[in-house]
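Encoded as structure tokens, the structure appears first; notes follow it.
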Amino acid sequence: MKALRADAAGLGRAAALIKRGGLAAFPTETVYGLGASAFDPAAAAAIFETKGRPHFDPLIVHIADLRQLRTVAAEVPPAAARLARRFWPGPLTLVLKKRPAVPDIVTSGLPTVAVRMPAHPVAARLIKLAGPLAAPSANRFGRLSPTTAAHVLRQLGPRGVTVLDGGPASHGIESTIVAFERGKPVILRRGALPDSEIAAACGLRRVRFAAAGAKVRAPGQLKSHYAPAAPLRLINPGARTDPRGAAYLAFRRKPRGEFLASEVLSPSGDLREAAANLFSALHRLEESGARTIYAERVPARGLGLAIMDRLRRAAASR
Ligand code: TXA
Ligand code: MG
């Protein structure tokens with residue numbers, strides 16, 4: 001269990017580890033990822049094993065430039081090229097037809113590959129050094145996503161994972177995943193980039209969101225996910241609660257009552273700030289040892305939709 005400073009020496013060691021077929025966790029602007037070479041099936045298998053992740057849930061391939069994009073994607077439809085120009089590097093993942101060089105284990109046998117160009121400078125440098133990286137969020141399967149190196153070490157340190165420490169993730173919530181159906185964008189997972197921005201960049205009034213059961217969807221969008229150690233109960237702000245042995249996740253205002261721990265996501269009601277604080281607040285509430293975590297619903301608009309997606313799945317876990 002090791003944290004490396006994200007300086008030239010640390011980056012060099014992490015890249016060497018990956019080139020030898022090993023894993024290294026690294027910071028991105030959304031959440032920390034657990035990376036391996038995107039072209040090495042054995043290394044991808046180690047990712048699934050280290051996370052305890054089922055093999056039907058494919059990985060995102062991270063690239064540092066458009067030359068690397070051509071090594072993993074066979075086709076880039078015009079709408080995808082537009083979104084890439086507008087939002088890469090950034091918190092956007094595009095689902096594209098894959099090249100044969102990407103092993104089936106990475107895409108769970110799908111004919112497509114999910115690709116993202118992260119904006120975090122440490123991620124960008126690591127990918128330049130080590131090549132395209134297959135990387136899921138660096139947490140045990142189904143648990144809270146990590147937004148700091150300490151979060152990674154808490155869940156994956158005991159499994160011997162090395163992490164490059166690049167400080168707290170600025171967005172704090174995963175990338176938005178977009179697929180293409182007959183040339184039109186379809187959002188598979190809501191994330192750090194709001195629906196409205198995707199629509200605007202494509203010159204559309206709105207972009208379809210693929211609900212469960214739709215033809216294309218993110219296989220990993222399970223009903224239960226992002227589970228804290230204690231059961232999470234979604235409530236409306238100000239609803240009646242029992243503070244004994246409980247923790248409280250508030251949107252804007254600290255709760256009354258003697259909770260074991262409480263966190264406020266954004267006193268000013270800023271959904272961007274709330275998203276950035278979401279997972280770190282949940283990690284702290286989890287560490288308080290509470291038996292129940294109450295979590296307030298946030299407004300269902302803009303980034304609030306992505307936050308509510310995570311909270312609903314966390315609440316569905318028990
Ligand atoms: O922000 C992020 O996207 C972070 C950072 C590390 O980049 N990564 C991340 O990865 O959230 P992960 O593995 O936790 O979630 C990836 C999601 C899963 O729901 C998976 O099913 C979906 O992407 N996915 C991967 N490949 C896909 C494909 N070919 N088609 C549809 N969905 C795909
Ligand atoms: Mg994840």
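Naming works like this for the structure tokens: A, B, ... for the chains as they're shown, residue 1 at the start of each chain, ligands 1 onward in shown order.
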
Give me, as an mmCIF file with all heavy atoms, in the first residue's frame, the set of residues whose atoms come within 8 Å of any atom of ligand 1, counting only C-alpha atoms and all ligand atoms.
```
data_model
loop_
_atom_site.group_PDB
_atom_site.id
_atom_site.type_symbol
_atom_site.label_atom_id
_atom_site.label_comp_id
_atom_site.auth_asym_id
_atom_site.auth_seq_id
_atom_site.Cartn_x
_atom_site.Cartn_y
_atom_site.Cartn_z
ATOM 1 N N PRO A 27 -5.018 10.253 -10.243
ATOM 2 C CA PRO A 27 -6.075 11.259 -10.116
ATOM 3 C C PRO A 27 -6.626 11.658 -11.481
ATOM 4 O O PRO A 27 -5.886 11.688 -12.465
ATOM 5 C CB PRO A 27 -5.351 12.444 -9.479
ATOM 6 C CG PRO A 27 -3.931 12.307 -9.953
ATOM 7 C CD PRO A 27 -3.675 10.831 -10.068
ATOM 8 N N THR A 28 -7.926 11.923 -11.540
ATOM 9 C CA THR A 28 -8.484 12.627 -12.695
ATOM 10 C C THR A 28 -9.342 13.764 -12.123
ATOM 11 O O THR A 28 -9.535 13.832 -10.902
ATOM 12 C CB THR A 28 -9.351 11.741 -13.625
ATOM 13 O OG1 THR A 28 -10.677 11.685 -13.106
ATOM 14 C CG2 THR A 28 -8.771 10.353 -13.808
ATOM 15 N N GLU A 29 -9.864 14.623 -12.967
ATOM 16 C CA GLU A 29 -10.670 15.736 -12.467
ATOM 17 C C GLU A 29 -12.041 15.272 -11.976
ATOM 18 O O GLU A 29 -12.739 16.009 -11.296
ATOM 19 C CB GLU A 29 -10.812 16.820 -13.549
ATOM 20 C CG GLU A 29 -11.726 16.453 -14.714
ATOM 21 C CD GLU A 29 -11.049 15.570 -15.763
ATOM 22 O OE1 GLU A 29 -10.072 14.858 -15.442
ATOM 23 O OE2 GLU A 29 -11.509 15.595 -16.919
ATOM 24 N N THR A 30 -12.439 14.019 -12.290
ATOM 25 C CA THR A 30 -13.750 13.525 -11.827
ATOM 26 C C THR A 30 -13.571 12.739 -10.537
ATOM 27 O O THR A 30 -13.967 13.195 -9.469
ATOM 28 C CB THR A 30 -14.414 12.650 -12.901
ATOM 29 O OG1 THR A 30 -13.550 11.552 -13.211
ATOM 30 C CG2 THR A 30 -14.707 13.461 -14.151
ATOM 31 N N VAL A 31 -12.989 11.542 -10.641
ATOM 32 C CA VAL A 31 -12.680 10.712 -9.474
ATOM 33 C C VAL A 31 -11.348 10.023 -9.784
ATOM 34 O O VAL A 31 -10.864 10.101 -10.913
ATOM 35 C CB VAL A 31 -13.783 9.653 -9.210
ATOM 36 C CG1 VAL A 31 -15.144 10.310 -8.987
ATOM 37 C CG2 VAL A 31 -13.890 8.643 -10.355
ATOM 38 N N TYR A 32 -10.746 9.355 -8.789
ATOM 39 C CA TYR A 32 -9.511 8.604 -9.036
ATOM 40 C C TYR A 32 -9.826 7.346 -9.840
ATOM 41 O O TYR A 32 -10.866 6.710 -9.647
ATOM 42 C CB TYR A 32 -8.840 8.219 -7.711
ATOM 43 C CG TYR A 32 -7.933 9.313 -7.175
ATOM 44 C CD1 TYR A 32 -8.462 10.529 -6.757
ATOM 45 C CD2 TYR A 32 -6.550 9.149 -7.096
ATOM 46 C CE1 TYR A 32 -7.638 11.544 -6.273
ATOM 47 C CE2 TYR A 32 -5.719 10.151 -6.608
ATOM 48 C CZ TYR A 32 -6.261 11.342 -6.206
ATOM 49 O OH TYR A 32 -5.441 12.346 -5.746
ATOM 50 N N GLY A 33 -8.906 6.976 -10.762
ATOM 51 C CA GLY A 33 -9.075 5.775 -11.564
ATOM 52 C C GLY A 33 -8.032 4.730 -11.189
ATOM 53 O O GLY A 33 -6.965 5.061 -10.655
ATOM 54 N N LEU A 34 -8.357 3.455 -11.457
ATOM 55 C CA LEU A 34 -7.405 2.358 -11.257
ATOM 56 C C LEU A 34 -6.960 1.903 -12.635
ATOM 57 O O LEU A 34 -7.709 1.252 -13.360
ATOM 58 C CB LEU A 34 -8.079 1.204 -10.500
ATOM 59 C CG LEU A 34 -7.211 -0.037 -10.257
ATOM 60 C CD1 LEU A 34 -6.000 0.299 -9.380
ATOM 61 C CD2 LEU A 34 -8.038 -1.153 -9.609
ATOM 62 N N ASP A 57 -19.179 -5.708 -16.768
ATOM 63 C CA ASP A 57 -19.174 -4.250 -16.622
ATOM 64 C C ASP A 57 -17.901 -3.669 -17.248
ATOM 65 O O ASP A 57 -16.841 -3.704 -16.635
ATOM 66 C CB ASP A 57 -19.261 -3.931 -15.129
ATOM 67 C CG ASP A 57 -19.554 -2.480 -14.863
ATOM 68 O OD1 ASP A 57 -19.709 -1.711 -15.837
ATOM 69 O OD2 ASP A 57 -19.625 -2.104 -13.692
ATOM 70 N N PRO A 58 -17.984 -3.135 -18.491
ATOM 71 C CA PRO A 58 -16.777 -2.733 -19.219
ATOM 72 C C PRO A 58 -16.060 -1.522 -18.632
ATOM 73 O O PRO A 58 -16.634 -0.753 -17.863
ATOM 74 C CB PRO A 58 -17.311 -2.406 -20.618
ATOM 75 C CG PRO A 58 -18.749 -2.071 -20.413
ATOM 76 C CD PRO A 58 -19.210 -2.880 -19.247
ATOM 77 N N LEU A 59 -14.792 -1.351 -19.039
ATOM 78 C CA LEU A 59 -13.940 -0.277 -18.519
ATOM 79 C C LEU A 59 -13.881 0.893 -19.497
ATOM 80 O O LEU A 59 -14.045 0.707 -20.705
ATOM 81 C CB LEU A 59 -12.524 -0.821 -18.310
ATOM 82 C CG LEU A 59 -12.415 -2.110 -17.486
ATOM 83 C CD1 LEU A 59 -10.958 -2.588 -17.443
ATOM 84 C CD2 LEU A 59 -12.961 -1.899 -16.080
ATOM 85 N N ILE A 60 -13.583 2.074 -18.982
ATOM 86 C CA ILE A 60 -13.356 3.250 -19.835
ATOM 87 C C ILE A 60 -11.874 3.297 -20.202
ATOM 88 O O ILE A 60 -11.016 3.075 -19.349
ATOM 89 C CB ILE A 60 -13.773 4.543 -19.101
ATOM 90 C CG1 ILE A 60 -15.284 4.538 -18.843
ATOM 91 C CG2 ILE A 60 -13.356 5.778 -19.887
ATOM 92 C CD1 ILE A 60 -15.781 5.726 -18.030
ATOM 93 N N HIS A 62 -8.755 5.584 -21.228
ATOM 94 C CA HIS A 62 -8.333 6.989 -21.087
ATOM 95 C C HIS A 62 -7.192 7.284 -22.043
ATOM 96 O O HIS A 62 -6.211 6.536 -22.087
ATOM 97 C CB HIS A 62 -7.905 7.255 -19.645
ATOM 98 C CG HIS A 62 -9.030 7.081 -18.657
ATOM 99 N ND1 HIS A 62 -9.589 5.854 -18.388
ATOM 100 C CD2 HIS A 62 -9.712 7.982 -17.910
ATOM 101 C CE1 HIS A 62 -10.564 6.003 -17.515
ATOM 102 N NE2 HIS A 62 -10.667 7.290 -17.201
ATOM 103 N N PRO A 91 -14.574 16.034 -18.540
ATOM 104 C CA PRO A 91 -15.336 14.946 -17.915
ATOM 105 C C PRO A 91 -16.413 14.354 -18.827
ATOM 106 O O PRO A 91 -17.592 14.280 -18.443
ATOM 107 C CB PRO A 91 -15.957 15.621 -16.685
ATOM 108 C CG PRO A 91 -16.131 17.044 -17.103
ATOM 109 C CD PRO A 91 -15.004 17.358 -18.046
ATOM 110 N N LEU A 92 -16.019 13.972 -20.029
ATOM 111 C CA LEU A 92 -16.955 13.424 -21.010
ATOM 112 C C LEU A 92 -16.394 12.106 -21.547
ATOM 113 O O LEU A 92 -15.243 12.049 -21.963
ATOM 114 C CB LEU A 92 -17.124 14.407 -22.172
ATOM 115 C CG LEU A 92 -17.860 13.853 -23.392
ATOM 116 C CD1 LEU A 92 -19.344 13.649 -23.077
ATOM 117 C CD2 LEU A 92 -17.708 14.781 -24.584
ATOM 118 N N THR A 93 -17.222 11.058 -21.558
ATOM 119 C CA THR A 93 -16.830 9.761 -22.110
ATOM 120 C C THR A 93 -17.689 9.470 -23.330
ATOM 121 O O THR A 93 -18.915 9.603 -23.274
ATOM 122 C CB THR A 93 -17.009 8.653 -21.042
ATOM 123 O OG1 THR A 93 -16.117 8.915 -19.964
ATOM 124 C CG2 THR A 93 -16.709 7.277 -21.622
ATOM 125 N N VAL A 95 -18.844 6.718 -26.302
ATOM 126 C CA VAL A 95 -18.888 5.298 -26.644
ATOM 127 C C VAL A 95 -18.808 5.172 -28.159
ATOM 128 O O VAL A 95 -19.688 5.656 -28.883
ATOM 129 C CB VAL A 95 -20.171 4.643 -26.094
ATOM 130 C CG1 VAL A 95 -20.272 3.185 -26.546
ATOM 131 C CG2 VAL A 95 -20.194 4.717 -24.572
ATOM 132 N N LEU A 96 -17.720 4.545 -28.637
ATOM 133 C CA LEU A 96 -17.404 4.505 -30.074
ATOM 134 C C LEU A 96 -17.144 3.069 -30.507
ATOM 135 O O LEU A 96 -16.843 2.207 -29.685
ATOM 136 C CB LEU A 96 -16.146 5.352 -30.326
ATOM 137 C CG LEU A 96 -16.244 6.806 -29.851
ATOM 138 C CD1 LEU A 96 -14.856 7.459 -29.866
ATOM 139 C CD2 LEU A 96 -17.216 7.600 -30.714
ATOM 140 N N VAL A 106 -11.695 -5.762 -21.853
ATOM 141 C CA VAL A 106 -11.832 -4.336 -21.517
ATOM 142 C C VAL A 106 -13.256 -3.848 -21.805
ATOM 143 O O VAL A 106 -13.835 -3.070 -21.050
ATOM 144 C CB VAL A 106 -10.790 -3.491 -22.295
ATOM 145 C CG1 VAL A 106 -11.092 -2.001 -22.193
ATOM 146 C CG2 VAL A 106 -9.389 -3.789 -21.789
ATOM 147 N N THR A 107 -13.842 -4.327 -22.897
ATOM 148 C CA THR A 107 -15.166 -3.847 -23.311
ATOM 149 C C THR A 107 -16.271 -4.852 -22.955
ATOM 150 O O THR A 107 -17.405 -4.698 -23.398
ATOM 151 C CB THR A 107 -15.203 -3.589 -24.834
ATOM 152 O OG1 THR A 107 -14.959 -4.836 -25.505
ATOM 153 C CG2 THR A 107 -14.153 -2.570 -25.252
ATOM 154 N N SER A 108 -15.938 -5.859 -22.176
ATOM 155 C CA SER A 108 -16.898 -6.911 -21.805
ATOM 156 C C SER A 108 -17.556 -7.512 -23.048
ATOM 157 O O SER A 108 -18.753 -7.798 -23.048
ATOM 158 C CB SER A 108 -17.968 -6.373 -20.850
ATOM 159 O OG SER A 108 -17.379 -5.890 -19.671
ATOM 160 N N LEU A 110 -18.313 -6.124 -25.791
ATOM 161 C CA LEU A 110 -19.107 -5.208 -26.630
ATOM 162 C C LEU A 110 -18.295 -4.810 -27.863
ATOM 163 O O LEU A 110 -17.065 -4.789 -27.825
ATOM 164 C CB LEU A 110 -19.477 -3.941 -25.838
ATOM 165 C CG LEU A 110 -20.443 -4.112 -24.673
ATOM 166 C CD1 LEU A 110 -20.561 -2.803 -23.896
ATOM 167 C CD2 LEU A 110 -21.812 -4.556 -25.183
ATOM 168 N N PRO A 111 -18.990 -4.453 -28.968
ATOM 169 C CA PRO A 111 -18.281 -3.985 -30.159
ATOM 170 C C PRO A 111 -17.833 -2.527 -30.021
ATOM 171 O O PRO A 111 -17.186 -1.974 -30.901
ATOM 172 C CB PRO A 111 -19.335 -4.110 -31.261
ATOM 173 C CG PRO A 111 -20.651 -4.064 -30.554
ATOM 174 C CD PRO A 111 -20.439 -4.595 -29.167
ATOM 175 N N THR A 112 -18.188 -1.905 -28.882
ATOM 176 C CA THR A 112 -17.852 -0.493 -28.673
ATOM 177 C C THR A 112 -16.849 -0.360 -27.539
ATOM 178 O O THR A 112 -16.714 -1.250 -26.707
ATOM 179 C CB THR A 112 -19.114 0.299 -28.284
ATOM 180 O OG1 THR A 112 -19.748 -0.381 -27.195
ATOM 181 C CG2 THR A 112 -20.072 0.419 -29.460
ATOM 182 N N VAL A 113 -16.170 0.798 -27.524
ATOM 183 C CA VAL A 113 -15.263 1.114 -26.420
ATOM 184 C C VAL A 113 -15.627 2.507 -25.897
ATOM 185 O O VAL A 113 -15.920 3.411 -26.677
ATOM 186 C CB VAL A 113 -13.778 1.050 -26.862
ATOM 187 C CG1 VAL A 113 -13.466 2.014 -28.001
ATOM 188 C CG2 VAL A 113 -12.842 1.309 -25.688
ATOM 189 N N ALA A 114 -15.636 2.661 -24.574
ATOM 190 C CA ALA A 114 -15.884 3.965 -23.957
ATOM 191 C C ALA A 114 -14.543 4.673 -23.827
ATOM 192 O O ALA A 114 -13.588 4.092 -23.300
ATOM 193 C CB ALA A 114 -16.544 3.780 -22.600
ATOM 194 N N VAL A 115 -14.447 5.916 -24.330
ATOM 195 C CA VAL A 115 -13.162 6.633 -24.351
ATOM 196 C C VAL A 115 -13.303 8.005 -23.711
ATOM 197 O O VAL A 115 -14.292 8.704 -23.936
ATOM 198 C CB VAL A 115 -12.661 6.848 -25.802
ATOM 199 C CG1 VAL A 115 -11.224 7.360 -25.801
ATOM 200 C CG2 VAL A 115 -12.748 5.573 -26.621
ATOM 201 N N ARG A 116 -12.274 8.351 -22.933
ATOM 202 C CA ARG A 116 -12.281 9.670 -22.309
ATOM 203 C C ARG A 116 -10.875 10.245 -22.291
ATOM 204 O O ARG A 116 -9.907 9.510 -22.086
ATOM 205 C CB ARG A 116 -12.806 9.512 -20.886
ATOM 206 C CG ARG A 116 -12.664 10.719 -20.004
ATOM 207 C CD ARG A 116 -13.590 10.584 -18.815
ATOM 208 N NE ARG A 116 -12.893 10.564 -17.541
ATOM 209 C CZ ARG A 116 -12.383 11.654 -16.967
ATOM 210 N NH1 ARG A 116 -12.475 12.826 -17.561
ATOM 211 N NH2 ARG A 116 -11.768 11.564 -15.807
ATOM 212 N N PRO A 118 -8.952 12.696 -20.032
ATOM 213 C CA PRO A 118 -9.072 13.465 -18.787
ATOM 214 C C PRO A 118 -8.295 14.776 -18.837
ATOM 215 O O PRO A 118 -7.287 14.878 -19.539
ATOM 216 C CB PRO A 118 -8.527 12.527 -17.715
ATOM 217 C CG PRO A 118 -7.818 11.437 -18.405
ATOM 218 C CD PRO A 118 -8.218 11.435 -19.856
ATOM 219 N N ALA A 135 -9.341 2.203 -17.234
ATOM 220 C CA ALA A 135 -9.424 2.546 -15.812
ATOM 221 C C ALA A 135 -10.861 2.760 -15.372
ATOM 222 O O ALA A 135 -11.534 3.644 -15.889
ATOM 223 C CB ALA A 135 -8.610 3.797 -15.519
ATOM 224 N N PRO A 136 -11.316 1.967 -14.419
ATOM 225 C CA PRO A 136 -12.580 2.252 -13.749
ATOM 226 C C PRO A 136 -12.295 3.153 -12.552
ATOM 227 O O PRO A 136 -11.115 3.429 -12.263
ATOM 228 C CB PRO A 136 -13.019 0.865 -13.267
ATOM 229 C CG PRO A 136 -11.730 0.168 -12.951
ATOM 230 C CD PRO A 136 -10.691 0.735 -13.920
ATOM 231 N N SER A 137 -13.319 3.620 -11.871
ATOM 232 C CA SER A 137 -13.084 4.356 -10.632
ATOM 233 C C SER A 137 -12.373 3.417 -9.654
ATOM 234 O O SER A 137 -12.624 2.217 -9.640
ATOM 235 C CB SER A 137 -14.403 4.872 -10.065
ATOM 236 O OG SER A 137 -15.356 3.833 -9.964
ATOM 237 N N ALA A 138 -11.461 3.997 -8.829
ATOM 238 C CA ALA A 138 -10.563 3.188 -8.006
ATOM 239 C C ALA A 138 -11.178 2.839 -6.653
ATOM 240 O O ALA A 138 -10.629 3.164 -5.598
ATOM 241 C CB ALA A 138 -9.228 3.913 -7.833
ATOM 242 N N SER A 145 -17.226 6.102 -4.662
ATOM 243 C CA SER A 145 -16.113 6.467 -5.544
ATOM 244 C C SER A 145 -15.093 7.309 -4.773
ATOM 245 O O SER A 145 -15.459 8.075 -3.895
ATOM 246 C CB SER A 145 -16.633 7.261 -6.738
ATOM 247 O OG SER A 145 -17.568 6.496 -7.448
ATOM 248 N N ILE A 173 -17.381 13.999 -9.250
ATOM 249 C CA ILE A 173 -18.427 13.097 -9.703
ATOM 250 C C ILE A 173 -17.992 12.607 -11.085
ATOM 251 O O ILE A 173 -17.283 13.317 -11.797
ATOM 252 C CB ILE A 173 -19.788 13.841 -9.701
ATOM 253 C CG1 ILE A 173 -20.956 12.876 -9.711
ATOM 254 C CG2 ILE A 173 -19.920 14.821 -10.842
ATOM 255 C CD1 ILE A 173 -22.246 13.535 -9.240
ATOM 256 N N GLU A 174 -18.394 11.378 -11.446
ATOM 257 C CA GLU A 174 -17.861 10.756 -12.650
ATOM 258 C C GLU A 174 -18.253 11.496 -13.932
ATOM 259 O O GLU A 174 -19.194 12.282 -13.961
ATOM 260 C CB GLU A 174 -18.330 9.308 -12.759
ATOM 261 C CG GLU A 174 -17.760 8.388 -11.705
ATOM 262 C CD GLU A 174 -18.580 8.373 -10.434
ATOM 263 O OE1 GLU A 174 -19.466 9.243 -10.276
ATOM 264 O OE2 GLU A 174 -18.329 7.494 -9.598
ATOM 265 N N SER A 175 -17.560 11.109 -15.022
ATOM 266 C CA SER A 175 -17.809 11.722 -16.327
ATOM 267 C C SER A 175 -19.208 11.387 -16.830
ATOM 268 O O SER A 175 -19.811 10.388 -16.432
ATOM 269 C CB SER A 175 -16.779 11.203 -17.335
ATOM 270 O OG SER A 175 -16.904 9.803 -17.490
ATOM 271 N N THR A 176 -19.726 12.223 -17.692
ATOM 272 C CA THR A 176 -20.983 11.962 -18.402
ATOM 273 C C THR A 176 -20.665 11.022 -19.561
ATOM 274 O O THR A 176 -19.701 11.243 -20.290
ATOM 275 C CB THR A 176 -21.558 13.286 -18.936
ATOM 276 O OG1 THR A 176 -21.765 14.163 -17.807
ATOM 277 C CG2 THR A 176 -22.881 13.083 -19.671
ATOM 278 N N ILE A 177 -21.455 9.943 -19.701
ATOM 279 C CA ILE A 177 -21.195 8.967 -20.774
ATOM 280 C C ILE A 177 -22.216 9.156 -21.891
ATOM 281 O O ILE A 177 -23.431 9.153 -21.648
ATOM 282 C CB ILE A 177 -21.263 7.521 -20.258
ATOM 283 C CG1 ILE A 177 -20.253 7.312 -19.124
ATOM 284 C CG2 ILE A 177 -20.992 6.528 -21.392
ATOM 285 C CD1 ILE A 177 -20.235 5.904 -18.545
ATOM 286 N N ALA A 179 -23.368 7.873 -25.833
ATOM 287 C CA ALA A 179 -23.260 6.943 -26.960
ATOM 288 C C ALA A 179 -23.939 7.596 -28.165
ATOM 289 O O ALA A 179 -24.513 8.692 -28.048
ATOM 290 C CB ALA A 179 -23.928 5.619 -26.620
ATOM 291 N N LEU A 188 -25.852 7.949 -21.522
ATOM 292 C CA LEU A 188 -26.000 6.660 -20.826
ATOM 293 C C LEU A 188 -25.817 6.808 -19.318
ATOM 294 O O LEU A 188 -26.353 6.031 -18.554
ATOM 295 C CB LEU A 188 -24.980 5.649 -21.347
ATOM 296 C CG LEU A 188 -25.002 5.321 -22.842
ATOM 297 C CD1 LEU A 188 -24.060 4.159 -23.127
ATOM 298 C CD2 LEU A 188 -26.406 4.984 -23.307
ATOM 299 N N ARG A 189 -24.977 7.759 -18.925
ATOM 300 C CA ARG A 189 -24.800 8.016 -17.493
ATOM 301 C C ARG A 189 -24.693 9.513 -17.299
ATOM 302 O O ARG A 189 -23.888 10.169 -17.957
ATOM 303 C CB ARG A 189 -23.516 7.349 -16.961
ATOM 304 C CG ARG A 189 -23.222 7.710 -15.506
ATOM 305 C CD ARG A 189 -21.990 7.020 -14.955
ATOM 306 N NE ARG A 189 -20.759 7.607 -15.459
ATOM 307 C CZ ARG A 189 -19.545 7.142 -15.169
ATOM 308 N NH1 ARG A 189 -19.399 6.083 -14.397
ATOM 309 N NH2 ARG A 189 -18.477 7.731 -15.660
ATOM 310 N N GLY A 191 -23.415 12.769 -15.492
ATOM 311 C CA GLY A 191 -22.177 12.992 -14.758
ATOM 312 C C GLY A 191 -21.804 14.453 -14.717
ATOM 313 O O GLY A 191 -22.672 15.325 -14.785
ATOM 314 N N ALA A 192 -20.503 14.712 -14.627
ATOM 315 C CA ALA A 192 -20.011 16.059 -14.351
ATOM 316 C C ALA A 192 -20.372 17.089 -15.424
ATOM 317 O O ALA A 192 -20.319 18.287 -15.176
ATOM 318 C CB ALA A 192 -18.496 16.014 -14.167
ATOM 319 N N VAL A 216 -29.193 0.803 -26.225
ATOM 320 C CA VAL A 216 -27.836 1.039 -25.740
ATOM 321 C C VAL A 216 -27.923 1.553 -24.316
ATOM 322 O O VAL A 216 -28.742 2.388 -23.998
ATOM 323 C CB VAL A 216 -27.081 2.092 -26.574
ATOM 324 C CG1 VAL A 216 -26.605 1.503 -27.867
ATOM 325 C CG2 VAL A 216 -27.922 3.318 -26.800
ATOM 326 N N ARG A 217 -27.068 1.049 -23.459
ATOM 327 C CA ARG A 217 -26.960 1.632 -22.126
ATOM 328 C C ARG A 217 -25.658 1.210 -21.488
ATOM 329 O O ARG A 217 -24.984 0.309 -21.951
ATOM 330 C CB ARG A 217 -28.151 1.255 -21.252
ATOM 331 C CG ARG A 217 -28.302 -0.225 -21.056
ATOM 332 C CD ARG A 217 -29.607 -0.443 -20.317
ATOM 333 N NE ARG A 217 -29.866 -1.827 -20.116
ATOM 334 C CZ ARG A 217 -30.070 -2.370 -18.927
ATOM 335 N NH1 ARG A 217 -30.019 -1.642 -17.849
ATOM 336 N NH2 ARG A 217 -30.328 -3.647 -18.818
ATOM 337 N N ALA A 218 -25.308 1.890 -20.390
ATOM 338 C CA ALA A 218 -24.079 1.539 -19.687
ATOM 339 C C ALA A 218 -24.380 0.303 -18.852
ATOM 340 O O ALA A 218 -25.171 0.363 -17.929
ATOM 341 C CB ALA A 218 -23.622 2.701 -18.816
ATOM 342 N N PRO A 219 -23.747 -0.826 -19.182
ATOM 343 C CA PRO A 219 -24.054 -2.061 -18.465
ATOM 344 C C PRO A 219 -23.800 -1.936 -16.967
ATOM 345 O O PRO A 219 -24.392 -2.650 -16.178
ATOM 346 C CB PRO A 219 -23.094 -3.081 -19.078
ATOM 347 C CG PRO A 219 -22.564 -2.459 -20.318
ATOM 348 C CD PRO A 219 -22.704 -0.987 -20.188
ATOM 349 N N GLY A 220 -22.901 -1.030 -16.590
ATOM 350 C CA GLY A 220 -22.561 -0.900 -15.171
ATOM 351 C C GLY A 220 -23.537 -0.055 -14.383
ATOM 352 O O GLY A 220 -23.331 0.187 -13.200
ATOM 353 N N GLN A 221 -24.584 0.431 -15.034
ATOM 354 C CA GLN A 221 -25.517 1.283 -14.308
ATOM 355 C C GLN A 221 -26.491 0.435 -13.501
ATOM 356 O O GLN A 221 -27.682 0.393 -13.771
ATOM 357 C CB GLN A 221 -26.263 2.199 -15.285
ATOM 358 C CG GLN A 221 -25.362 3.260 -15.879
ATOM 359 C CD GLN A 221 -24.848 4.226 -14.825
ATOM 360 O OE1 GLN A 221 -23.968 3.926 -14.038
ATOM 361 N NE2 GLN A 221 -25.442 5.392 -14.756
ATOM 362 N N LEU A 222 -25.971 -0.253 -12.521
ATOM 363 C CA LEU A 222 -26.811 -1.114 -11.703
ATOM 364 C C LEU A 222 -27.637 -0.263 -10.750
ATOM 365 O O LEU A 222 -27.234 0.821 -10.356
ATOM 366 C CB LEU A 222 -25.947 -2.085 -10.907
ATOM 367 C CG LEU A 222 -25.043 -2.984 -11.759
ATOM 368 C CD1 LEU A 222 -24.201 -3.872 -10.870
ATOM 369 C CD2 LEU A 222 -25.893 -3.828 -12.707
#
```

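Excluding Leu156 in chain A itself and same-chain residues fewer than 2 positions from it, the residues having an atom within 9 Å of it are Met1, Thr50, Lys51, Ala138, Asn139, Arg140, His151, Val152, Leu153, Arg154, Pro158, Arg159, Gly160, Val161 and Thr162 of chain A, counting only C-alpha atoms.
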
Any chance you can output those residues with C-alpha atoms as a JSON list (two decimals), in the first residue's frame?
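Saved as result04.json:
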```
[["chain", "number", "residue", "atom", "x", "y", "z"],
["A", 1, "MET", "CA", 0.00, 0.00, 0.00],
["A", 50, "THR", "CA", -8.72, -5.97, -7.50],
["A", 51, "LYS", "CA", -12.08, -4.16, -7.63],
["A", 138, "ALA", "CA", -10.56, 3.19, -8.01],
["A", 139, "ASN", "CA", -13.01, 1.75, -5.48],
["A", 140, "ARG", "CA", -14.17, -1.75, -4.57],
["A", 151, "HIS", "CA", -9.99, 7.17, -0.25],
["A", 152, "VAL", "CA", -8.22, 4.89, -2.73],
["A", 153, "LEU", "CA", -5.85, 3.55, -0.09],
["A", 154, "ARG", "CA", -8.70, 2.89, 2.35],
["A", 158, "PRO", "CA", -4.93, -3.68, 1.48],
["A", 159, "ARG", "CA", -4.85, -5.15, -2.04],
["A", 160, "GLY", "CA", -1.43, -3.67, -2.66],
["A", 161, "VAL", "CA", -2.52, -0.86, -4.98],
["A", 162, "THR", "CA", -0.11, 2.05, -5.57]]
```

- Where in range 23-226 of chain A does DSSP assign strand (DSSP E), given as a ChimeraX atom specification? /A:24-26,33-37,60-62,92-97,112-116,133-134,162-165,176-181,184-189,208-209

- Secondary structure check, helix (DSSP H, G or I) residues of range 48-167 of chain A, as JSON, numbers by chain: {"A": [48, 49, 50, 51, 66, 67, 68, 69, 70, 71, 72, 78, 79, 80, 81, 82, 83, 84, 85, 86, 87, 104, 105, 106, 107, 121, 122, 123, 124, 125, 126, 127, 128, 129, 130, 149, 150, 151, 152, 153, 154, 155, 156, 157, 158, 159]}

- Message: Considering only C-alpha atoms and all ligand atoms, can you say which of A:Arg313, A:Arg67, A:Lys184, A:Arg13 comes closest to ligand 2?
- Response: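 Smallest separation from ligand 2 among the options: A:Arg313.
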
- Fewer than 3 positions away in the same chain doesn't count, so skip those; otherwise give me all residues within 12 Å of range 199-208 of chain A, counting only C-alpha atoms, as a PyMOL selection string. chain A and resi 78-87+178-181+183-190+193-196+211+214+216-217
